[in-house]
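> What follows is model_5.cif; its format and atoms are mmCIF, C-alpha atoms and all ligand atoms.
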```
data_upload
loop_
_atom_site.group_PDB
_atom_site.id
_atom_site.type_symbol
_atom_site.label_atom_id
_atom_site.label_comp_id
_atom_site.auth_asym_id
_atom_site.auth_seq_id
_atom_site.Cartn_x
_atom_site.Cartn_y
_atom_site.Cartn_z
ATOM 1 C CA MET A 1 -8.694 5.777 23.474
ATOM 2 C CA LEU A 2 -5.730 7.832 22.317
ATOM 3 C CA SER A 3 -4.034 10.446 24.471
ATOM 4 C CA ARG A 4 -4.719 14.055 23.422
ATOM 5 C CA LYS A 5 -1.101 14.292 22.257
ATOM 6 C CA MET A 6 -1.377 11.186 20.107
ATOM 7 C CA GLU A 7 -4.746 12.297 18.726
ATOM 8 C CA SER A 8 -3.241 15.601 17.677
ATOM 9 C CA ALA A 9 -0.121 13.940 16.185
ATOM 10 C CA LEU A 10 -2.219 11.507 14.126
ATOM 11 C CA ASN A 11 -4.452 14.351 12.951
ATOM 12 C CA GLY A 12 -1.290 16.140 11.848
ATOM 13 C CA GLN A 13 -0.280 13.057 9.902
ATOM 14 C CA ILE A 14 -3.680 12.926 8.162
ATOM 15 C CA ASN A 15 -2.853 16.432 6.959
ATOM 16 C CA ASN A 16 0.610 15.305 5.787
ATOM 17 C CA GLU A 17 -0.962 12.464 3.802
ATOM 18 C CA MET A 18 -3.540 14.803 2.278
ATOM 19 C CA TYR A 19 -0.702 17.148 1.286
ATOM 20 C CA SER A 20 1.118 14.182 -0.271
ATOM 21 C CA ALA A 21 -2.015 13.403 -2.303
ATOM 22 C CA TYR A 22 -2.281 17.050 -3.332
ATOM 23 C CA LEU A 23 1.407 17.219 -4.292
ATOM 24 C CA TYR A 24 1.200 14.112 -6.490
ATOM 25 C CA MET A 25 -2.028 15.325 -8.069
ATOM 26 C CA ALA A 26 -0.215 18.565 -8.974
ATOM 27 C CA MET A 27 2.666 16.541 -10.437
ATOM 28 C CA SER A 28 0.191 14.439 -12.421
ATOM 29 C CA SER A 29 -1.387 17.573 -13.847
ATOM 30 C CA HIS A 30 2.022 19.033 -14.734
ATOM 31 C CA ALA A 31 3.158 15.806 -16.431
ATOM 32 C CA ASN A 32 -0.091 15.719 -18.389
ATOM 33 C CA ASP A 33 0.493 19.326 -19.550
ATOM 34 C CA ARG A 34 3.924 18.286 -20.825
ATOM 35 C CA GLY A 35 2.520 15.335 -22.776
ATOM 36 C CA LEU A 36 4.013 12.784 -20.395
ATOM 37 C CA LYS A 37 0.892 10.648 -20.019
ATOM 38 C CA GLY A 38 2.693 7.751 -18.349
ATOM 39 C CA PHE A 39 4.200 9.976 -15.646
ATOM 40 C CA ALA A 40 0.770 11.604 -15.230
ATOM 41 C CA ALA A 41 -0.810 8.174 -14.678
ATOM 42 C CA TRP A 42 1.936 7.123 -12.228
ATOM 43 C CA PHE A 43 1.417 10.222 -10.097
ATOM 44 C CA MET A 44 -2.367 9.798 -10.165
ATOM 45 C CA VAL A 45 -1.930 6.241 -8.853
ATOM 46 C CA GLN A 46 0.300 7.742 -6.156
ATOM 47 C CA TYR A 47 -2.452 10.255 -5.355
ATOM 48 C CA HIS A 48 -4.849 7.333 -4.685
ATOM 49 C CA GLU A 49 -2.224 5.633 -2.508
ATOM 50 C CA GLU A 50 -1.918 8.757 -0.369
ATOM 51 C CA MET A 51 -5.679 9.095 0.003
ATOM 52 C CA PHE A 52 -5.685 5.493 1.240
ATOM 53 C CA HIS A 53 -2.936 6.319 3.754
ATOM 54 C CA ALA A 54 -4.965 9.308 4.977
ATOM 55 C CA MET A 55 -8.178 7.282 5.245
ATOM 56 C CA LYS A 56 -6.490 4.514 7.242
ATOM 57 C CA LEU A 57 -5.386 7.119 9.803
ATOM 58 C CA TYR A 58 -8.812 8.800 9.724
ATOM 59 C CA GLU A 59 -10.571 5.535 10.510
ATOM 60 C CA TYR A 60 -8.062 4.526 13.184
ATOM 61 C CA VAL A 61 -8.524 7.799 15.098
ATOM 62 C CA GLN A 62 -12.309 7.335 14.983
ATOM 63 C CA ARG A 63 -12.174 3.652 16.002
ATOM 64 C CA GLN A 64 -10.214 4.688 19.069
ATOM 65 C CA GLY A 65 -13.119 6.927 20.078
ATOM 66 C CA ASN A 66 -11.185 10.108 19.264
ATOM 67 C CA SER A 67 -11.961 12.928 16.827
ATOM 68 C CA VAL A 68 -10.608 13.696 13.393
ATOM 69 C CA LYS A 69 -9.945 17.411 13.069
ATOM 70 C CA LEU A 70 -9.054 18.426 9.546
ATOM 71 C CA GLU A 71 -6.635 21.264 8.908
ATOM 72 C CA ALA A 72 -5.925 23.400 5.833
ATOM 73 C CA ILE A 73 -3.882 21.672 3.135
ATOM 74 C CA LYS A 74 -0.805 23.633 2.045
ATOM 75 C CA GLN A 75 -0.591 24.644 -1.616
ATOM 76 C CA PRO A 76 1.813 22.396 -3.563
ATOM 77 C CA PRO A 77 4.171 23.688 -6.269
ATOM 78 C CA ASN A 78 2.681 23.599 -9.756
ATOM 79 C CA THR A 79 5.641 23.356 -12.099
ATOM 80 C CA TRP A 80 8.873 21.374 -12.238
ATOM 81 C CA LYS A 81 11.858 21.661 -14.578
ATOM 82 C CA SER A 82 11.933 17.980 -15.500
ATOM 83 C CA PRO A 83 10.685 14.505 -14.532
ATOM 84 C CA MET A 84 13.989 14.123 -12.644
ATOM 85 C CA GLU A 85 13.172 17.159 -10.522
ATOM 86 C CA MET A 86 9.693 15.767 -9.820
ATOM 87 C CA PHE A 87 11.087 12.454 -8.621
ATOM 88 C CA GLN A 88 13.869 14.041 -6.598
ATOM 89 C CA GLN A 89 11.245 16.122 -4.850
ATOM 90 C CA THR A 90 9.029 13.058 -4.423
ATOM 91 C CA LEU A 91 11.894 11.160 -2.780
ATOM 92 C CA LYS A 92 12.690 14.088 -0.495
ATOM 93 C CA HIS A 93 9.053 14.343 0.507
ATOM 94 C CA GLU A 94 8.810 10.613 1.182
ATOM 95 C CA GLN A 95 11.959 10.796 3.326
ATOM 96 C CA PHE A 96 10.185 13.493 5.331
ATOM 97 C CA ILE A 97 7.097 11.240 5.665
ATOM 98 C CA THR A 98 9.339 8.398 6.837
ATOM 99 C CA SER A 99 10.734 10.666 9.553
ATOM 100 C CA CYS A 100 7.150 11.574 10.576
ATOM 101 C CA PHE A 101 6.285 7.897 11.066
ATOM 102 C CA ASN A 102 9.483 7.333 13.013
ATOM 103 C CA GLU A 103 8.525 10.195 15.331
ATOM 104 C CA LEU A 104 4.946 8.926 15.698
ATOM 105 C CA THR A 105 6.295 5.488 16.578
ATOM 106 C CA GLU A 106 8.640 7.051 19.144
ATOM 107 C CA LEU A 107 5.652 8.811 20.705
ATOM 108 C CA ALA A 108 3.611 5.577 20.790
ATOM 109 C CA ILE A 109 6.525 3.804 22.503
ATOM 110 C CA LYS A 110 6.923 6.651 24.997
ATOM 111 C CA GLU A 111 3.218 6.569 25.820
ATOM 112 C CA LYS A 112 3.171 2.728 25.971
ATOM 113 C CA ASP A 113 0.393 2.904 23.361
ATOM 114 C CA HIS A 114 0.877 -0.599 21.942
ATOM 115 C CA ALA A 115 -2.186 -0.508 19.656
ATOM 116 C CA THR A 116 -0.928 2.618 17.893
ATOM 117 C CA GLN A 117 2.582 1.247 17.735
ATOM 118 C CA ILE A 118 1.282 -1.867 15.931
ATOM 119 C CA PHE A 119 -0.961 0.247 13.687
ATOM 120 C CA LEU A 120 2.010 2.428 12.667
ATOM 121 C CA GLN A 121 4.138 -0.567 11.683
ATOM 122 C CA TRP A 122 2.178 -0.856 8.425
ATOM 123 C CA TYR A 123 3.267 2.672 7.487
ATOM 124 C CA VAL A 124 6.882 2.150 8.532
ATOM 125 C CA THR A 125 7.067 -0.857 6.186
ATOM 126 C CA GLU A 126 5.190 0.972 3.440
ATOM 127 C CA GLN A 127 7.718 3.820 3.536
ATOM 128 C CA VAL A 128 10.558 1.453 2.619
ATOM 129 C CA GLU A 129 8.642 0.581 -0.565
ATOM 130 C CA GLU A 130 7.775 4.204 -1.292
ATOM 131 C CA GLU A 131 11.407 5.332 -1.139
ATOM 132 C CA GLU A 132 12.539 2.250 -3.081
ATOM 133 C CA ASN A 133 10.089 3.030 -5.927
ATOM 134 C CA ASP A 134 11.332 6.624 -6.158
ATOM 135 C CA ASN A 135 14.993 5.596 -6.110
ATOM 136 C CA GLU A 136 14.325 3.070 -8.869
ATOM 137 C CA ILE A 137 12.731 5.672 -11.138
ATOM 138 C CA ILE A 138 15.469 8.222 -10.374
ATOM 139 C CA GLY A 139 17.969 5.539 -11.427
ATOM 140 C CA MET A 140 16.111 4.998 -14.719
ATOM 141 C CA LEU A 141 16.001 8.760 -15.365
ATOM 142 C CA LYS A 142 19.744 9.032 -14.689
ATOM 143 C CA VAL A 143 20.461 6.352 -17.282
ATOM 144 C CA ALA A 144 18.147 8.092 -19.796
ATOM 145 C CA GLY A 145 19.871 11.482 -19.337
ATOM 146 C CA ASP A 146 18.927 13.827 -22.190
ATOM 147 C CA ASN A 147 17.793 11.037 -24.477
ATOM 148 C CA THR A 148 14.153 11.831 -25.384
ATOM 149 C CA HIS A 149 13.555 8.366 -26.804
ATOM 150 C CA ALA A 150 14.649 6.765 -23.518
ATOM 151 C CA LEU A 151 12.440 9.201 -21.583
ATOM 152 C CA MET A 152 9.433 8.188 -23.666
ATOM 153 C CA MET A 153 10.211 4.535 -22.958
ATOM 154 C CA ILE A 154 10.239 5.248 -19.217
ATOM 155 C CA ASP A 155 6.967 7.150 -19.651
ATOM 156 C CA ARG A 156 5.393 4.095 -21.288
ATOM 157 C CA ASP A 157 6.857 1.754 -18.688
ATOM 158 C CA ILE A 158 5.810 3.566 -15.532
ATOM 159 C CA GLY A 159 2.418 4.466 -17.042
ATOM 160 C CA SER A 160 1.394 0.807 -16.803
ATOM 161 C CA ARG A 161 1.253 1.044 -12.994
ATOM 162 C CA GLY A 162 -2.272 0.323 -11.769
ATOM 163 C CA THR A 163 -4.138 1.450 -8.665
ATOM 164 C CA THR A 164 -4.114 -1.329 -6.075
ATOM 165 C CA VAL A 165 -5.794 0.563 -3.239
ATOM 166 C CA PRO A 166 -9.543 1.049 -2.831
ATOM 167 C CA THR A 167 -11.037 4.416 -3.740
ATOM 168 C CA ASP A 168 -14.488 4.218 -2.074
ATOM 169 C CA TYR A 169 -14.359 4.520 1.718
ATOM 170 C CA SER A 170 -18.027 5.183 2.386
ATOM 171 C CA ARG A 171 -18.365 1.900 4.305
ATOM 172 C CA GLY A 172 -14.962 1.864 5.952
ATOM 173 C CA ILE A 173 -11.528 0.532 5.069
ATOM 174 C CA GLU A 174 -12.271 -3.200 5.474
ATOM 175 C CA ALA A 175 -15.320 -3.062 3.203
ATOM 176 C CA ALA A 176 -13.372 -0.927 0.724
ATOM 177 C CA LEU A 177 -10.490 -3.414 0.660
ATOM 178 C CA LYS A 178 -12.901 -6.320 0.126
ATOM 179 C CA ALA A 179 -14.720 -4.528 -2.699
ATOM 180 C CA ALA A 180 -11.407 -3.691 -4.396
ATOM 181 C CA GLN A 181 -10.240 -7.362 -4.474
HETATM 182 FE FE1 LIG B 201 3.771 8.437 0.215
HETATM 183 O O1 LIG B 201 3.445 7.913 1.905
HETATM 184 FE FE2 LIG B 201 1.850 8.171 2.574
HETATM 185 O O2 LIG B 201 2.253 7.386 4.141
#
```
Mind turning this structure into structure tokens?

Amino acid sequence: MLSRKMESALNGQINNEMYSAYLYMAMSSHANDRGLKGFAAWFMVQYHEEMFHAMKLYEYVQRQGNSVKLEAIKQPPNTWKSPMEMFQQTLKHEQFITSCFNELTELAIKEKDHATQIFLQWYVTEQVEEEENDNEIIGMLKVAGDNTHALMMIDRDIGSRGTTVPTDYSRGIEAALKAAQ
């Protein structure tokens, strides 16, 4: 059983993950509108990743015998000046998410909630990869500069990213992970 404070904090994080999914879906749509199909695909994969992050939290709260209480999802922006701006914003957002998981971990430590502390470790590790991916693409975009040919090459390259997380959670995370193997 989670404390009321932890239940509310984890519910807040479900909302943050849903906003992340919404933000990357908006970026995917914008990239598609600009003819950047590879960027659109990359952000749609990221959308699925975020839904997985949200569902892991959702299931954990329920398994602890607590309640998931969904909140309104904030509207994301709908346009960006360039792919560079999209990835800079993505990195900034992921840095914010990292700070959320650090705070959640601090709370779990303070409450001596070892189960939640262990559960959160997966996210803390995942955030290193998330920020690393964004920094890598920002680096590629910096090298490309205003060169359209180079931008199209990046578009082709990052568009090959595939979804590695499950997308059907009707029978829980474990069953979804097994089915996705
Ligand atoms: Fe993009 O990160 Fe979720 O947790």
> Just so the selection is clear, what residues does the PyMOL selection byres (((not hetatm)) within 9 of (chain B and resi 201)) cover here, as a PDB file with C-alpha atoms, keeping the file's coordinate frame?

```
ATOM      1  CA  GLN A  13      -0.280  13.057   9.902  1.00  0.00           C
ATOM      2  CA  ASN A  16       0.610  15.305   5.787  1.00  0.00           C
ATOM      3  CA  GLU A  17      -0.962  12.464   3.802  1.00  0.00           C
ATOM      4  CA  MET A  18      -3.540  14.803   2.278  1.00  0.00           C
ATOM      5  CA  SER A  20       1.118  14.182  -0.271  1.00  0.00           C
ATOM      6  CA  ALA A  21      -2.015  13.403  -2.303  1.00  0.00           C
ATOM      7  CA  GLN A  46       0.300   7.742  -6.156  1.00  0.00           C
ATOM      8  CA  TYR A  47      -2.452  10.255  -5.355  1.00  0.00           C
ATOM      9  CA  GLU A  49      -2.224   5.633  -2.508  1.00  0.00           C
ATOM     10  CA  GLU A  50      -1.918   8.757  -0.369  1.00  0.00           C
ATOM     11  CA  MET A  51      -5.679   9.095   0.003  1.00  0.00           C
ATOM     12  CA  PHE A  52      -5.685   5.493   1.240  1.00  0.00           C
ATOM     13  CA  HIS A  53      -2.936   6.319   3.754  1.00  0.00           C
ATOM     14  CA  ALA A  54      -4.965   9.308   4.977  1.00  0.00           C
ATOM     15  CA  THR A  90       9.029  13.058  -4.423  1.00  0.00           C
ATOM     16  CA  HIS A  93       9.053  14.343   0.507  1.00  0.00           C
ATOM     17  CA  GLU A  94       8.810  10.613   1.182  1.00  0.00           C
ATOM     18  CA  ILE A  97       7.097  11.240   5.665  1.00  0.00           C
ATOM     19  CA  THR A  98       9.339   8.398   6.837  1.00  0.00           C
ATOM     20  CA  PHE A 101       6.285   7.897  11.066  1.00  0.00           C
ATOM     21  CA  TYR A 123       3.267   2.672   7.487  1.00  0.00           C
ATOM     22  CA  VAL A 124       6.882   2.150   8.532  1.00  0.00           C
ATOM     23  CA  GLU A 126       5.190   0.972   3.440  1.00  0.00           C
ATOM     24  CA  GLN A 127       7.718   3.820   3.536  1.00  0.00           C
ATOM     25  CA  GLU A 130       7.775   4.204  -1.292  1.00  0.00           C
ATOM     26  CA  GLU A 131      11.407   5.332  -1.139  1.00  0.00           C
TER      27      GLU A 131
END
```
> What does the distance from CA of Glu111 in chain A to CA of Ala9 in chain A come to in Å, to one decimal?
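Taking CA of Glu111 in chain A and CA of Ala9 in chain A, their separation equals 12.6 Å.
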> I need the residue nearest Gly12 in chain A from this list: A:Val68, A:Ala26, A:Ile158, A:Ala115. Use all atoms listed in the file for the distance.
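Of A:Val68, A:Ala26, A:Ile158, A:Ala115, the one nearest Gly12 in chain A is A:Val68, counting all atoms listed in the file.
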> How close does each residue of range 93-161 of chain A get to range 33-38 of chain A, giving the shortest atom pair and distance in Å to one decimal for every residue with an atom at most 9 Å away, counting only C-alpha atoms, sorted by chain and residue number, as JSON lines?

```
{"residue": "A:Met152", "atom": "CA", "partner": "A:Leu36", "partner_atom": "CA", "distance": 7.8}
{"residue": "A:Ile154", "atom": "CA", "partner": "A:Gly38", "partner_atom": "CA", "distance": 8.0}
{"residue": "A:Asp155", "atom": "CA", "partner": "A:Gly38", "partner_atom": "CA", "distance": 4.5}
{"residue": "A:Arg156", "atom": "CA", "partner": "A:Gly38", "partner_atom": "CA", "distance": 5.4}
{"residue": "A:Asp157", "atom": "CA", "partner": "A:Gly38", "partner_atom": "CA", "distance": 7.3}
{"residue": "A:Ile158", "atom": "CA", "partner": "A:Gly38", "partner_atom": "CA", "distance": 5.9}
{"residue": "A:Gly159", "atom": "CA", "partner": "A:Gly38", "partner_atom": "CA", "distance": 3.5}
{"residue": "A:Ser160", "atom": "CA", "partner": "A:Gly38", "partner_atom": "CA", "distance": 7.2}
{"residue": "A:Arg161", "atom": "CA", "partner": "A:Gly38", "partner_atom": "CA", "distance": 8.7}
```
> Identify the residues around (1.9, 22.1, -6.9) within a radius of 12 Å, measuring from all atoms listed in the file in the coordinates stated by the file, and give them as a PDB file with C-alpha atoms, keeping the file's coordinate frame.

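Listing of selection13.pdb after writing:
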```
ATOM      1  CA  TYR A  19      -0.702  17.148   1.286  1.00  0.00           C
ATOM      2  CA  SER A  20       1.118  14.182  -0.271  1.00  0.00           C
ATOM      3  CA  ALA A  21      -2.015  13.403  -2.303  1.00  0.00           C
ATOM      4  CA  TYR A  22      -2.281  17.050  -3.332  1.00  0.00           C
ATOM      5  CA  LEU A  23       1.407  17.219  -4.292  1.00  0.00           C
ATOM      6  CA  TYR A  24       1.200  14.112  -6.490  1.00  0.00           C
ATOM      7  CA  MET A  25      -2.028  15.325  -8.069  1.00  0.00           C
ATOM      8  CA  ALA A  26      -0.215  18.565  -8.974  1.00  0.00           C
ATOM      9  CA  MET A  27       2.666  16.541 -10.437  1.00  0.00           C
ATOM     10  CA  SER A  28       0.191  14.439 -12.421  1.00  0.00           C
ATOM     11  CA  SER A  29      -1.387  17.573 -13.847  1.00  0.00           C
ATOM     12  CA  HIS A  30       2.022  19.033 -14.734  1.00  0.00           C
ATOM     13  CA  ALA A  31       3.158  15.806 -16.431  1.00  0.00           C
ATOM     14  CA  ILE A  73      -3.882  21.672   3.135  1.00  0.00           C
ATOM     15  CA  LYS A  74      -0.805  23.633   2.045  1.00  0.00           C
ATOM     16  CA  GLN A  75      -0.591  24.644  -1.616  1.00  0.00           C
ATOM     17  CA  PRO A  76       1.813  22.396  -3.563  1.00  0.00           C
ATOM     18  CA  PRO A  77       4.171  23.688  -6.269  1.00  0.00           C
ATOM     19  CA  ASN A  78       2.681  23.599  -9.756  1.00  0.00           C
ATOM     20  CA  THR A  79       5.641  23.356 -12.099  1.00  0.00           C
ATOM     21  CA  TRP A  80       8.873  21.374 -12.238  1.00  0.00           C
ATOM     22  CA  MET A  86       9.693  15.767  -9.820  1.00  0.00           C
ATOM     23  CA  GLN A  89      11.245  16.122  -4.850  1.00  0.00           C
ATOM     24  CA  THR A  90       9.029  13.058  -4.423  1.00  0.00           C
TER      25      THR A  90
END
```
> CA of Met6 in chain A and CA of Ala72 in chain A are how many Å apart?
19.3 Å
> Take the PyMOL selection byres (((chain A and resi 88) around 12) and not hetatm), apply it to the structure above, and return the hits as a PyMOL selection string.
chain A and resi 80-87+89-95+131+133-139+141-142
> Record the distance separating CA of Val165 in chain A and CA of Gln62 in chain A, expressed in Å with one decimal.
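Computing it gives 20.5 Å between the two atoms.
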> Rank nothing, just name the residue among A:Glu59, A:Glu7, A:Glu103, A:Glu71 nearest to Glu174 in chain A, using only C-alpha atoms.
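Residue with the minimum atom-to-atom distance to Glu174 in chain A: A:Glu59.
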> Write range 35-46 of chain A as an mmCIF file, in the coordinates of the input, completed to all heavy atoms.

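result.cif was written with the following content:
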```cif
data_model
loop_
_atom_site.group_PDB
_atom_site.id
_atom_site.type_symbol
_atom_site.label_atom_id
_atom_site.label_comp_id
_atom_site.auth_asym_id
_atom_site.auth_seq_id
_atom_site.Cartn_x
_atom_site.Cartn_y
_atom_site.Cartn_z
ATOM 1 N N GLY A 35 2.696 16.461 -21.845
ATOM 2 C CA GLY A 35 2.520 15.335 -22.776
ATOM 3 C C GLY A 35 3.100 14.034 -22.258
ATOM 4 O O GLY A 35 3.248 13.072 -23.011
ATOM 5 N N LEU A 36 3.443 14.009 -20.978
ATOM 6 C CA LEU A 36 4.013 12.784 -20.395
ATOM 7 C C LEU A 36 2.897 11.996 -19.710
ATOM 8 O O LEU A 36 2.746 12.009 -18.487
ATOM 9 C CB LEU A 36 5.139 13.149 -19.418
ATOM 10 C CG LEU A 36 6.337 13.855 -20.041
ATOM 11 C CD1 LEU A 36 7.236 14.484 -18.973
ATOM 12 C CD2 LEU A 36 7.142 12.886 -20.907
ATOM 13 N N LYS A 37 2.101 11.323 -20.526
ATOM 14 C CA LYS A 37 0.892 10.648 -20.019
ATOM 15 C C LYS A 37 1.209 9.527 -19.031
ATOM 16 O O LYS A 37 0.436 9.273 -18.117
ATOM 17 C CB LYS A 37 0.077 10.080 -21.188
ATOM 18 C CG LYS A 37 -0.332 11.115 -22.215
ATOM 19 C CD LYS A 37 -1.500 11.955 -21.725
ATOM 20 C CE LYS A 37 -1.935 12.946 -22.798
ATOM 21 N NZ LYS A 37 -2.805 14.000 -22.285
ATOM 22 N N GLY A 38 2.322 8.841 -19.254
ATOM 23 C CA GLY A 38 2.693 7.751 -18.349
ATOM 24 C C GLY A 38 3.062 8.288 -16.966
ATOM 25 O O GLY A 38 2.640 7.744 -15.941
ATOM 26 N N PHE A 39 3.840 9.350 -16.934
ATOM 27 C CA PHE A 39 4.200 9.976 -15.646
ATOM 28 C C PHE A 39 2.927 10.497 -14.968
ATOM 29 O O PHE A 39 2.758 10.371 -13.755
ATOM 30 C CB PHE A 39 5.183 11.135 -15.858
ATOM 31 C CG PHE A 39 6.597 10.683 -16.133
ATOM 32 C CD1 PHE A 39 7.052 10.503 -17.427
ATOM 33 C CD2 PHE A 39 7.472 10.432 -15.080
ATOM 34 C CE1 PHE A 39 8.348 10.067 -17.682
ATOM 35 C CE2 PHE A 39 8.769 10.012 -15.318
ATOM 36 C CZ PHE A 39 9.221 9.829 -16.624
ATOM 37 N N ALA A 40 2.030 11.084 -15.787
ATOM 38 C CA ALA A 40 0.770 11.604 -15.230
ATOM 39 C C ALA A 40 -0.017 10.466 -14.572
ATOM 40 O O ALA A 40 -0.552 10.629 -13.468
ATOM 41 C CB ALA A 40 -0.053 12.265 -16.334
ATOM 42 N N ALA A 41 -0.066 9.317 -15.230
ATOM 43 C CA ALA A 41 -0.810 8.174 -14.678
ATOM 44 C C ALA A 41 -0.135 7.679 -13.401
ATOM 45 O O ALA A 41 -0.802 7.370 -12.412
ATOM 46 C CB ALA A 41 -0.887 7.058 -15.718
ATOM 47 N N TRP A 42 1.192 7.606 -13.416
ATOM 48 C CA TRP A 42 1.936 7.123 -12.228
ATOM 49 C C TRP A 42 1.640 8.004 -11.017
ATOM 50 O O TRP A 42 1.357 7.515 -9.925
ATOM 51 C CB TRP A 42 3.439 7.117 -12.521
ATOM 52 C CG TRP A 42 4.246 6.371 -11.502
ATOM 53 C CD1 TRP A 42 4.651 5.061 -11.571
ATOM 54 C CD2 TRP A 42 4.749 6.885 -10.245
ATOM 55 N NE1 TRP A 42 5.367 4.728 -10.435
ATOM 56 C CE2 TRP A 42 5.438 5.817 -9.609
ATOM 57 C CE3 TRP A 42 4.685 8.114 -9.601
ATOM 58 C CZ2 TRP A 42 6.061 5.965 -8.360
ATOM 59 C CZ3 TRP A 42 5.292 8.249 -8.351
ATOM 60 C CH2 TRP A 42 5.968 7.181 -7.745
ATOM 61 N N PHE A 43 1.669 9.321 -11.237
ATOM 62 C CA PHE A 43 1.417 10.222 -10.097
ATOM 63 C C PHE A 43 -0.048 10.177 -9.657
ATOM 64 O O PHE A 43 -0.333 10.384 -8.476
ATOM 65 C CB PHE A 43 1.855 11.652 -10.430
ATOM 66 C CG PHE A 43 3.340 11.846 -10.274
ATOM 67 C CD1 PHE A 43 4.151 12.087 -11.371
ATOM 68 C CD2 PHE A 43 3.931 11.775 -9.014
ATOM 69 C CE1 PHE A 43 5.528 12.247 -11.219
ATOM 70 C CE2 PHE A 43 5.306 11.934 -8.856
ATOM 71 C CZ PHE A 43 6.111 12.167 -9.960
ATOM 72 N N MET A 44 -0.960 9.892 -10.584
ATOM 73 C CA MET A 44 -2.367 9.798 -10.165
ATOM 74 C C MET A 44 -2.576 8.525 -9.340
ATOM 75 O O MET A 44 -3.350 8.535 -8.374
ATOM 76 C CB MET A 44 -3.291 9.829 -11.394
ATOM 77 C CG MET A 44 -4.725 10.146 -11.057
ATOM 78 S SD MET A 44 -4.930 11.647 -10.032
ATOM 79 C CE MET A 44 -5.010 12.925 -11.261
ATOM 80 N N VAL A 45 -1.870 7.453 -9.686
ATOM 81 C CA VAL A 45 -1.930 6.241 -8.853
ATOM 82 C C VAL A 45 -1.389 6.571 -7.463
ATOM 83 O O VAL A 45 -1.946 6.181 -6.435
ATOM 84 C CB VAL A 45 -1.120 5.082 -9.501
ATOM 85 C CG1 VAL A 45 -0.962 3.923 -8.531
ATOM 86 C CG2 VAL A 45 -1.792 4.612 -10.780
ATOM 87 N N GLN A 46 -0.307 7.359 -7.433
ATOM 88 C CA GLN A 46 0.300 7.742 -6.156
ATOM 89 C C GLN A 46 -0.664 8.602 -5.331
ATOM 90 O O GLN A 46 -0.751 8.469 -4.116
ATOM 91 C CB GLN A 46 1.622 8.478 -6.417
ATOM 92 C CG GLN A 46 2.524 8.582 -5.209
ATOM 93 C CD GLN A 46 2.898 7.222 -4.607
ATOM 94 O OE1 GLN A 46 3.018 6.241 -5.335
ATOM 95 N NE2 GLN A 46 3.059 7.171 -3.306
#
```
